[in-house]
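This is input10.cif. It holds mmCIF, C-alpha atoms.
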```cif
data_input
loop_
_atom_site.label_atom_id
_atom_site.label_comp_id
_atom_site.auth_asym_id
_atom_site.auth_seq_id
_atom_site.Cartn_x
_atom_site.Cartn_y
_atom_site.Cartn_z
CA MET A 1 -112.41 72.63 20.82
CA ALA A 2 -111.86 72.65 17.09
CA THR A 3 -114.88 72.97 14.84
CA GLY A 4 -115.54 71.72 11.35
CA VAL A 5 -113.90 68.79 9.61
CA LEU A 6 -110.52 68.00 11.12
CA ALA A 7 -108.77 67.00 7.90
CA ASP A 8 -109.80 70.26 6.28
CA GLU A 9 -108.55 72.25 9.28
CA ILE A 10 -105.26 70.38 9.26
CA ARG A 11 -104.76 71.06 5.55
CA HIS A 12 -105.46 74.78 6.04
CA LYS A 13 -103.15 75.12 9.05
CA LEU A 14 -100.13 73.14 7.81
CA GLY A 15 -98.30 76.32 6.87
CA GLU A 16 -98.72 77.71 10.42
CA LEU A 17 -97.23 74.67 12.16
CA SER A 18 -93.64 73.93 13.14
CA PRO A 19 -91.72 71.53 10.85
CA ALA A 20 -92.16 68.69 13.36
CA GLU A 21 -95.89 69.38 13.74
CA ARG A 22 -96.28 69.43 9.96
CA LYS A 23 -94.87 65.89 9.87
CA VAL A 24 -97.63 64.81 12.27
CA GLY A 25 -100.24 66.53 10.11
CA ARG A 26 -99.02 64.81 6.95
CA VAL A 27 -99.05 61.40 8.64
CA LEU A 28 -102.65 61.95 9.74
CA LEU A 29 -103.77 63.22 6.32
CA ALA A 30 -102.06 60.38 4.46
CA ALA A 31 -104.31 57.79 6.12
CA TYR A 32 -107.20 59.91 7.32
CA PRO A 33 -109.15 59.22 9.49
CA SER A 34 -107.80 55.79 10.52
CA ALA A 35 -104.35 57.18 11.45
CA GLY A 36 -105.97 59.36 14.11
CA PHE A 37 -107.09 56.28 16.05
CA GLU A 38 -103.55 54.99 16.52
CA THR A 39 -101.71 55.64 19.78
CA VAL A 40 -99.69 58.79 20.35
CA ALA A 41 -96.51 56.67 20.33
CA ALA A 42 -97.41 55.03 16.99
CA ILE A 43 -98.15 58.36 15.31
CA ALA A 44 -94.94 59.84 16.69
CA GLU A 45 -92.93 56.92 15.37
CA ARG A 46 -94.48 57.14 11.89
CA ALA A 47 -93.86 60.89 11.77
CA GLY A 48 -90.34 60.64 13.17
CA VAL A 49 -91.10 63.04 16.02
CA SER A 50 -91.51 62.86 19.78
CA ALA A 51 -94.76 62.02 21.59
CA PRO A 52 -94.97 65.56 23.09
CA THR A 53 -94.91 66.91 19.51
CA VAL A 54 -98.06 64.91 18.72
CA LEU A 55 -99.75 66.30 21.84
CA ARG A 56 -98.70 69.85 20.92
CA PHE A 57 -100.15 69.23 17.46
CA VAL A 58 -103.63 68.33 18.78
CA SER A 59 -103.55 71.25 21.23
CA ARG A 60 -103.04 73.57 18.24
CA PHE A 61 -106.56 72.64 17.18
CA GLY A 62 -108.14 73.42 20.54
CA PHE A 63 -108.20 69.94 22.10
CA ARG A 64 -107.39 69.42 25.78
CA GLY A 65 -105.69 66.13 25.01
CA PHE A 66 -105.44 63.21 22.64
CA PRO A 67 -108.63 61.48 23.90
CA ASP A 68 -110.60 64.64 23.03
CA PHE A 69 -109.08 64.61 19.55
CA GLN A 70 -110.10 61.00 19.01
CA ALA A 71 -113.61 61.66 20.35
CA ALA A 72 -114.00 64.43 17.77
CA LEU A 73 -112.82 62.01 15.09
CA ARG A 74 -115.43 59.44 16.14
CA ALA A 75 -118.20 62.06 16.01
CA GLU A 76 -117.01 63.14 12.59
CA LEU A 77 -117.03 59.54 11.35
CA GLU A 78 -120.70 59.22 12.33
CA GLU A 79 -121.53 62.25 10.17
CA ARG A 80 -119.23 61.08 7.40
CA ASN A 81 -121.05 57.75 7.11
CA ALA A 82 -124.56 59.23 7.23
CA SER A 83 -127.13 58.32 4.58
CA PRO A 84 -130.44 60.00 3.65
CA LEU A 85 -132.23 57.32 5.70
CA SER A 86 -130.08 57.77 8.81
CA LEU A 87 -130.45 61.56 8.57
CA TYR A 88 -134.22 61.21 8.15
CA GLU A 89 -134.42 59.04 11.27
CA ALA A 90 -132.07 61.22 13.35
CA PRO A 91 -133.64 62.74 16.50
CA ASP A 92 -132.81 66.28 15.38
CA TYR A 93 -134.24 65.93 11.86
CA GLY A 94 -136.45 68.92 11.06
CA ARG A 95 -134.70 71.20 13.55
CA PRO A 96 -133.59 74.52 11.99
CA VAL A 97 -129.99 74.47 10.78
CA ASP A 98 -129.53 77.85 12.45
CA GLU A 99 -130.74 77.21 16.01
CA THR A 100 -131.11 80.96 16.63
CA ALA A 101 -133.58 81.36 13.75
CA ASP A 102 -137.29 80.64 13.70
CA GLY A 103 -138.37 77.79 11.47
CA GLY A 104 -140.49 79.87 9.10
CA SER A 105 -141.94 78.68 5.82
CA LEU A 106 -140.13 76.32 3.46
CA LEU A 107 -139.05 79.21 1.23
CA GLU A 108 -137.80 81.17 4.23
CA ARG A 109 -135.80 78.19 5.48
CA VAL A 110 -134.14 77.41 2.16
CA GLY A 111 -133.59 81.12 1.61
CA ARG A 112 -131.38 81.07 4.70
CA VAL A 113 -129.67 77.72 4.22
CA PHE A 114 -128.61 77.72 0.57
CA PRO A 115 -127.06 81.21 0.33
CA ALA A 116 -125.26 80.69 3.64
CA GLU A 117 -123.82 77.32 2.63
CA VAL A 118 -122.70 78.61 -0.78
CA ALA A 119 -121.00 81.59 0.88
CA LYS A 120 -119.25 79.37 3.45
CA THR A 121 -118.11 76.92 0.77
CA LEU A 122 -116.56 79.66 -1.36
CA ALA A 123 -114.96 81.31 1.68
CA GLU A 124 -113.43 78.00 2.80
CA LEU A 125 -112.25 76.93 -0.66
CA PRO A 126 -108.43 76.78 -0.64
CA PRO A 127 -107.30 79.41 -3.21
CA HIS A 128 -104.24 77.38 -4.21
CA ASP A 129 -106.41 74.33 -4.92
CA LEU A 130 -108.84 76.41 -6.97
CA ASP A 131 -105.95 77.87 -8.99
CA ALA A 132 -104.46 74.41 -9.47
CA ALA A 133 -107.82 73.00 -10.63
CA VAL A 134 -108.16 75.76 -13.23
CA ARG A 135 -104.60 75.18 -14.48
CA LEU A 136 -105.18 71.45 -14.92
CA LEU A 137 -108.51 71.86 -16.70
CA ALA A 138 -107.20 74.60 -18.99
CA ASP A 139 -103.99 72.80 -20.00
CA GLY A 140 -104.56 71.65 -23.57
CA LYS A 141 -101.66 69.20 -23.35
CA LEU A 142 -103.60 67.17 -20.80
CA ARG A 143 -106.51 64.80 -21.48
CA LEU A 144 -109.47 65.02 -19.09
CA THR A 145 -111.61 62.07 -17.97
CA LEU A 146 -114.58 62.80 -15.68
CA ALA A 147 -116.54 60.45 -13.41
CA GLY A 148 -119.09 60.83 -10.62
CA GLY A 149 -121.26 58.77 -8.31
CA ARG A 150 -124.93 57.96 -7.76
CA PHE A 151 -126.07 61.56 -8.07
CA THR A 152 -122.84 63.39 -8.79
CA HIS A 153 -122.38 61.80 -12.22
CA LEU A 154 -124.78 64.57 -13.26
CA PHE A 155 -122.23 67.17 -12.15
CA ALA A 156 -119.40 65.33 -13.89
CA GLN A 157 -121.44 65.61 -17.07
CA TYR A 158 -122.31 69.25 -16.40
CA LEU A 159 -118.67 70.22 -15.97
CA GLY A 160 -117.52 68.03 -18.84
CA LEU A 161 -120.07 69.39 -21.32
CA HIS A 162 -118.87 72.92 -20.60
CA LEU A 163 -115.24 71.91 -20.98
CA MET A 164 -115.96 70.17 -24.30
CA GLN A 165 -117.16 73.50 -25.68
CA LEU A 166 -113.93 75.19 -24.63
CA ARG A 167 -111.12 72.70 -25.34
CA GLU A 168 -110.16 69.34 -26.87
CA GLU A 169 -109.52 66.01 -25.14
CA VAL A 170 -112.48 65.84 -22.74
CA ARG A 171 -114.36 62.59 -22.15
CA PHE A 172 -116.52 60.79 -19.61
CA LEU A 173 -115.64 57.48 -17.98
CA PRO A 174 -117.96 54.94 -19.66
CA ASP A 175 -120.52 52.95 -17.63
CA ARG A 176 -120.07 49.56 -19.32
CA ASP A 177 -117.34 47.36 -17.86
CA VAL A 178 -115.35 46.66 -21.03
CA GLU A 179 -115.33 50.31 -22.13
CA ARG A 180 -114.58 51.53 -18.60
CA THR A 181 -111.67 49.10 -18.27
CA ALA A 182 -110.26 50.12 -21.64
CA THR A 183 -110.48 53.81 -20.76
CA LEU A 184 -108.78 53.34 -17.38
CA ALA A 185 -106.10 51.16 -18.97
CA SER A 186 -105.23 54.00 -21.35
CA LEU A 187 -104.61 56.60 -18.63
CA GLY A 188 -101.05 57.82 -18.20
CA ARG A 189 -98.83 60.81 -17.56
CA ARG A 190 -100.81 63.24 -19.72
CA ASP A 191 -104.15 62.43 -18.08
CA VAL A 192 -106.23 64.18 -15.44
CA LEU A 193 -108.95 62.15 -13.73
CA VAL A 194 -111.71 64.45 -12.42
CA LEU A 195 -113.72 62.69 -9.72
CA PHE A 196 -116.85 63.61 -7.77
CA ASP A 197 -117.08 61.58 -4.55
CA TYR A 198 -119.39 62.47 -1.64
CA ARG A 199 -120.28 60.71 1.59
CA ARG A 200 -121.20 57.07 1.32
CA TYR A 201 -118.05 57.19 -0.76
CA GLU A 202 -117.54 54.66 -3.52
CA ARG A 203 -114.57 52.29 -3.29
CA ASP A 204 -113.90 52.25 -7.01
CA LYS A 205 -113.00 55.95 -6.91
CA VAL A 206 -110.06 55.26 -4.59
CA ALA A 207 -108.82 52.48 -6.86
CA MET A 208 -109.14 54.71 -9.93
CA ALA A 209 -107.24 57.54 -8.27
CA GLY A 210 -104.47 55.18 -7.20
CA LEU A 211 -104.20 53.78 -10.72
CA VAL A 212 -103.84 57.23 -12.27
CA ARG A 213 -101.30 58.42 -9.71
CA ASP A 214 -99.22 55.26 -10.13
CA ARG A 215 -99.04 55.98 -13.86
CA GLY A 216 -97.94 59.57 -13.37
CA GLY A 217 -101.30 61.24 -14.03
CA LYS A 218 -103.17 63.81 -11.94
CA VAL A 219 -106.35 63.54 -9.86
CA LEU A 220 -108.76 66.44 -9.28
CA LEU A 221 -111.38 65.72 -6.61
CA PHE A 222 -114.68 67.43 -5.84
CA THR A 223 -115.93 66.18 -2.44
CA ASP A 224 -117.79 67.14 0.73
CA THR A 225 -116.25 68.69 3.85
CA TRP A 226 -115.73 65.25 5.43
CA LEU A 227 -113.36 64.51 2.56
CA SER A 228 -113.56 61.37 0.43
CA PRO A 229 -110.89 58.70 0.97
CA VAL A 230 -109.69 59.74 -2.50
CA THR A 231 -108.30 62.88 -0.83
CA SER A 232 -105.08 61.10 0.19
CA ARG A 233 -104.39 60.28 -3.49
CA ALA A 234 -105.63 63.51 -5.08
CA ASP A 235 -103.42 66.32 -6.35
CA VAL A 236 -106.19 68.90 -5.99
CA VAL A 237 -109.16 68.79 -3.59
CA LEU A 238 -112.19 71.10 -3.76
CA PRO A 239 -114.36 70.53 -0.65
CA CYS A 240 -117.99 71.67 -0.66
CA ARG A 241 -120.59 71.94 2.10
CA VAL A 242 -123.74 69.82 1.81
CA THR A 243 -126.12 71.14 4.49
CA ALA A 244 -129.73 71.01 3.28
CA PRO A 245 -133.28 71.47 4.62
CA SER A 246 -133.98 67.81 3.81
CA PRO A 247 -132.35 64.42 4.54
CA TYR A 248 -130.53 64.61 1.21
CA ASP A 249 -127.17 66.33 1.01
CA SER A 250 -127.38 69.56 -0.94
CA LEU A 251 -125.27 69.87 -4.07
CA VAL A 252 -126.10 73.56 -4.51
CA PRO A 253 -122.68 74.65 -3.13
CA THR A 254 -120.97 72.13 -5.43
CA LEU A 255 -122.69 73.70 -8.42
CA ALA A 256 -121.40 77.11 -7.31
CA VAL A 257 -117.85 75.73 -7.16
CA ILE A 258 -118.22 74.15 -10.61
CA GLU A 259 -119.44 77.46 -12.03
CA THR A 260 -116.47 79.19 -10.40
CA VAL A 261 -114.05 76.68 -11.92
CA ILE A 262 -115.64 77.10 -15.37
CA ALA A 263 -115.26 80.89 -15.12
CA GLY A 264 -111.60 80.41 -14.22
CA VAL A 265 -111.01 78.05 -17.15
CA ILE A 266 -112.59 80.53 -19.57
CA GLU A 267 -110.27 83.26 -18.28
CA ALA A 268 -107.24 80.98 -18.49
CA LEU A 269 -108.00 79.81 -22.04
CA GLY A 270 -108.64 83.31 -23.35
CA GLU A 271 -108.99 83.51 -27.14
CA SER A 272 -108.35 79.80 -27.67
CA GLY A 273 -111.46 78.94 -25.66
CA HIS A 274 -113.43 81.54 -27.61
CA ASP A 275 -112.26 80.07 -30.92
CA HIS A 276 -113.12 76.53 -29.85
CA LEU A 277 -116.60 77.59 -28.79
CA ARG A 278 -117.10 79.42 -32.09
CA ARG A 279 -116.07 76.36 -34.11
CA GLY A 280 -118.50 74.23 -32.15
CA GLU A 281 -121.34 76.68 -32.77
CA ASP A 282 -120.53 76.74 -36.50
CA VAL A 283 -120.70 72.94 -36.68
CA ALA A 284 -123.95 72.82 -34.70
CA GLN A 285 -125.53 75.33 -37.05
CA HIS A 286 -124.20 73.51 -40.11
CA ILE A 287 -125.86 70.23 -39.12
CA GLY A 288 -129.03 71.88 -37.88
CA LEU A 289 -128.69 71.40 -34.12
CA VAL A 290 -129.22 75.08 -33.33
#
```

Is it possible to express this structure as structure tokens?
Amino acid sequence: MATGVLADEIRHKLGELSPAERKVGRVLLAAYPSAGFETVAAIAERAGVSAPTVLRFVSRFGFRGFPDFQAALRAELEERNASPLSLYEAPDYGRPVDETADGGSLLERVGRVFPAEVAKTLAELPPHDLDAAVRLLADGKLRLTLAGGRFTHLFAQYLGLHLMQLREEVRFLPDRDVERTATLASLGRRDVLVLFDYRRYERDKVAMAGLVRDRGGKVLLFTDTWLSPVTSRADVVLPCRVTAPSPYDSLVPTLAVIETVIAGVIEALGESGHDHLRRGEDVAQHIGLV
């Protein structure tokens, strides 16, 4: 049986599949997860392959048959739609994340969970997506617009404030309707929309991503391992684990990925980033901010 989030596994294994199996994978990813609940015949028709090819595809991921694959999808959907309240009320709330470990004190528990989840996130991060994210954020010809959600708007601001110190053309998507509409209406081919979207995903993020892609722009997505619906419209996806010793999803691994991306942008910008930072410091000193 496959483990982890199916979409993520499919993305990682596309290069190992036959050309016909890759067509099945792309069909599933394009409308994930709803496409996985169609019949074998419907998926085969959409992919332009035979029904046995679809069955071979699911067997590649350790499933005994298509019903097993769909059962795993249903279980994943339950996790994907979880909220802090539903996690709090779950029968296994409070059970150690590592079932082989003793509970221990709070510090001992978080000392196991956070380092492990950060390490897993970085190990699972697709190198080509990380490189692509750095290239987009370091390209001075592109304008960056950042937006997040209920909690993750804080990370959009954290990343954006660093980028503002290193390059021009960085802004945040405004909160007020008129300003937000005007900003979105201005997006085009030289724009990159950087989105943070985690489970209990927000519908407006999908619409924003579609708008940018339709106008020839790029979309960079930070999301959890269940993958936001924005994934199907994103050019670059950086998935992060969210396991925590509380009912709230942890954003500690996301912060580690952001710090990694910032380090990559600094390397990519080289002396131009250094010069931009120096000019900013000079202005801050001149007006008495530092």

Which residues of region 108-148 of chain A come within 12 Å of region 257-280 of chain A, and for each one, what is the closest pair of atoms and their distance in Å to one decimal, counting all atoms listed in the file, sorted by chain and residue number, as a tab-separated table?
```
residue	atom	partner	partner_atom	distance
A:Glu117	CA	A:Val257	CA	11.6
A:Val118	CA	A:Val257	CA	8.5
A:Ala119	CA	A:Val257	CA	10.4
A:Lys120	CA	A:Val257	CA	11.3
A:Thr121	CA	A:Val257	CA	8.0
A:Leu122	CA	A:Val257	CA	7.1
A:Ala123	CA	A:Val257	CA	10.8
A:Glu124	CA	A:Val257	CA	11.1
A:Leu125	CA	A:Val257	CA	8.7
A:Pro126	CA	A:Val257	CA	11.5
A:Pro127	CA	A:Val261	CA	11.4
A:Asp129	CA	A:Val261	CA	10.6
A:Leu130	CA	A:Val261	CA	7.2
A:Asp131	CA	A:Gly264	CA	8.1
A:Ala132	CA	A:Val261	CA	10.2
A:Ala133	CA	A:Val261	CA	7.3
A:Val134	CA	A:Val265	CA	5.4
A:Arg135	CA	A:Val265	CA	7.5
A:Leu136	CA	A:Val265	CA	9.1
A:Leu137	CA	A:Val265	CA	6.7
A:Ala138	CA	A:Val265	CA	5.5
A:Asp139	CA	A:Leu269	CA	8.3
A:Gly140	CA	A:Leu269	CA	9.0
```

For the atom pair CA of Ile10 (chain A) and CA of Leu195 (chain A), what is the interatomic distance in Å to one decimal place?
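Atom-to-atom, CA of Ile10 (chain A) and CA of Leu195 (chain A) are spaced 22.2 Å apart.
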
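Between CA of Asp249 (chain A) and CA of Leu221 (chain A) lies a distance of 17.5 Å.
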
Could you spell out the hits of the PyMOL selection byres ((chain A and resi 196) around 9) on the shown file, as a list in words?
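So the PyMOL selection byres ((chain A and resi 196) around 9) ends up selecting Leu146, Ala147, Gly148, Gly149, Thr152, His153, Phe155, Ala156, Val194, Leu195, Asp197, Tyr198, Lys205, Leu220, Leu221, Phe222 and Thr223 of chain A.
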
Residues picked by the PyMOL selection byres ((chain A and resi 226-229) around 9) here, as number ranges by chain?
A: 4-8, 31-33, 76-77, 79-80, 197-203, 205-206, 221-225, 230-233, 237, 239, 241

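When CA of Ser34 (chain A) is paired with CA of Phe69 (chain A), their separation reads 12.7 Å.
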
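Residues captured in this structure file are Lys13, Leu14, Gly15, Glu16, Leu17, Pro19, Ala20, Glu21, Arg22, Lys23, Val24, Gly25, Val49, Thr53, Val54, Arg56, Phe57 and Arg60 of chain A, according to the PyMOL selection byres ((chain A and resi 18) around 12).
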
Selected residues, C-alpha atoms, written as a JSON list (two decimals), keeping the file's coordinate frame, please.
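So the final result, stored in selection-v7.json, reads:
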```
[["chain", "number", "residue", "atom", "x", "y", "z"],
["A", 13, "LYS", "CA", -103.15, 75.12, 9.05],
["A", 14, "LEU", "CA", -100.13, 73.14, 7.81],
["A", 15, "GLY", "CA", -98.30, 76.32, 6.87],
["A", 16, "GLU", "CA", -98.72, 77.71, 10.42],
["A", 17, "LEU", "CA", -97.23, 74.67, 12.16],
["A", 19, "PRO", "CA", -91.72, 71.53, 10.85],
["A", 20, "ALA", "CA", -92.16, 68.69, 13.36],
["A", 21, "GLU", "CA", -95.89, 69.38, 13.74],
["A", 22, "ARG", "CA", -96.28, 69.43, 9.96],
["A", 23, "LYS", "CA", -94.87, 65.89, 9.87],
["A", 24, "VAL", "CA", -97.63, 64.81, 12.27],
["A", 25, "GLY", "CA", -100.24, 66.53, 10.11],
["A", 49, "VAL", "CA", -91.10, 63.04, 16.02],
["A", 53, "THR", "CA", -94.91, 66.91, 19.51],
["A", 54, "VAL", "CA", -98.06, 64.91, 18.72],
["A", 56, "ARG", "CA", -98.70, 69.85, 20.92],
["A", 57, "PHE", "CA", -100.15, 69.23, 17.46],
["A", 60, "ARG", "CA", -103.04, 73.57, 18.24]]
```

Take every atom of region 124-140 of chain A listed in the file, fit an axis-aligned box around them, add 8 Å per side, and give the centre and edge lengths in Å to one decimal as AutoDock Vina command-line options.
```
--center_x -108.7 --center_y 75.4 --center_z -10.4 --size_x 25.4 --size_y 24.0 --size_z 42.4
```

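Residue nearest Ala116 (chain A) within the list A:Ala51, A:Val252, A:Ala30, A:Leu211: A:Val252 [criterion: smallest interatomic distance, all atoms listed in the file].
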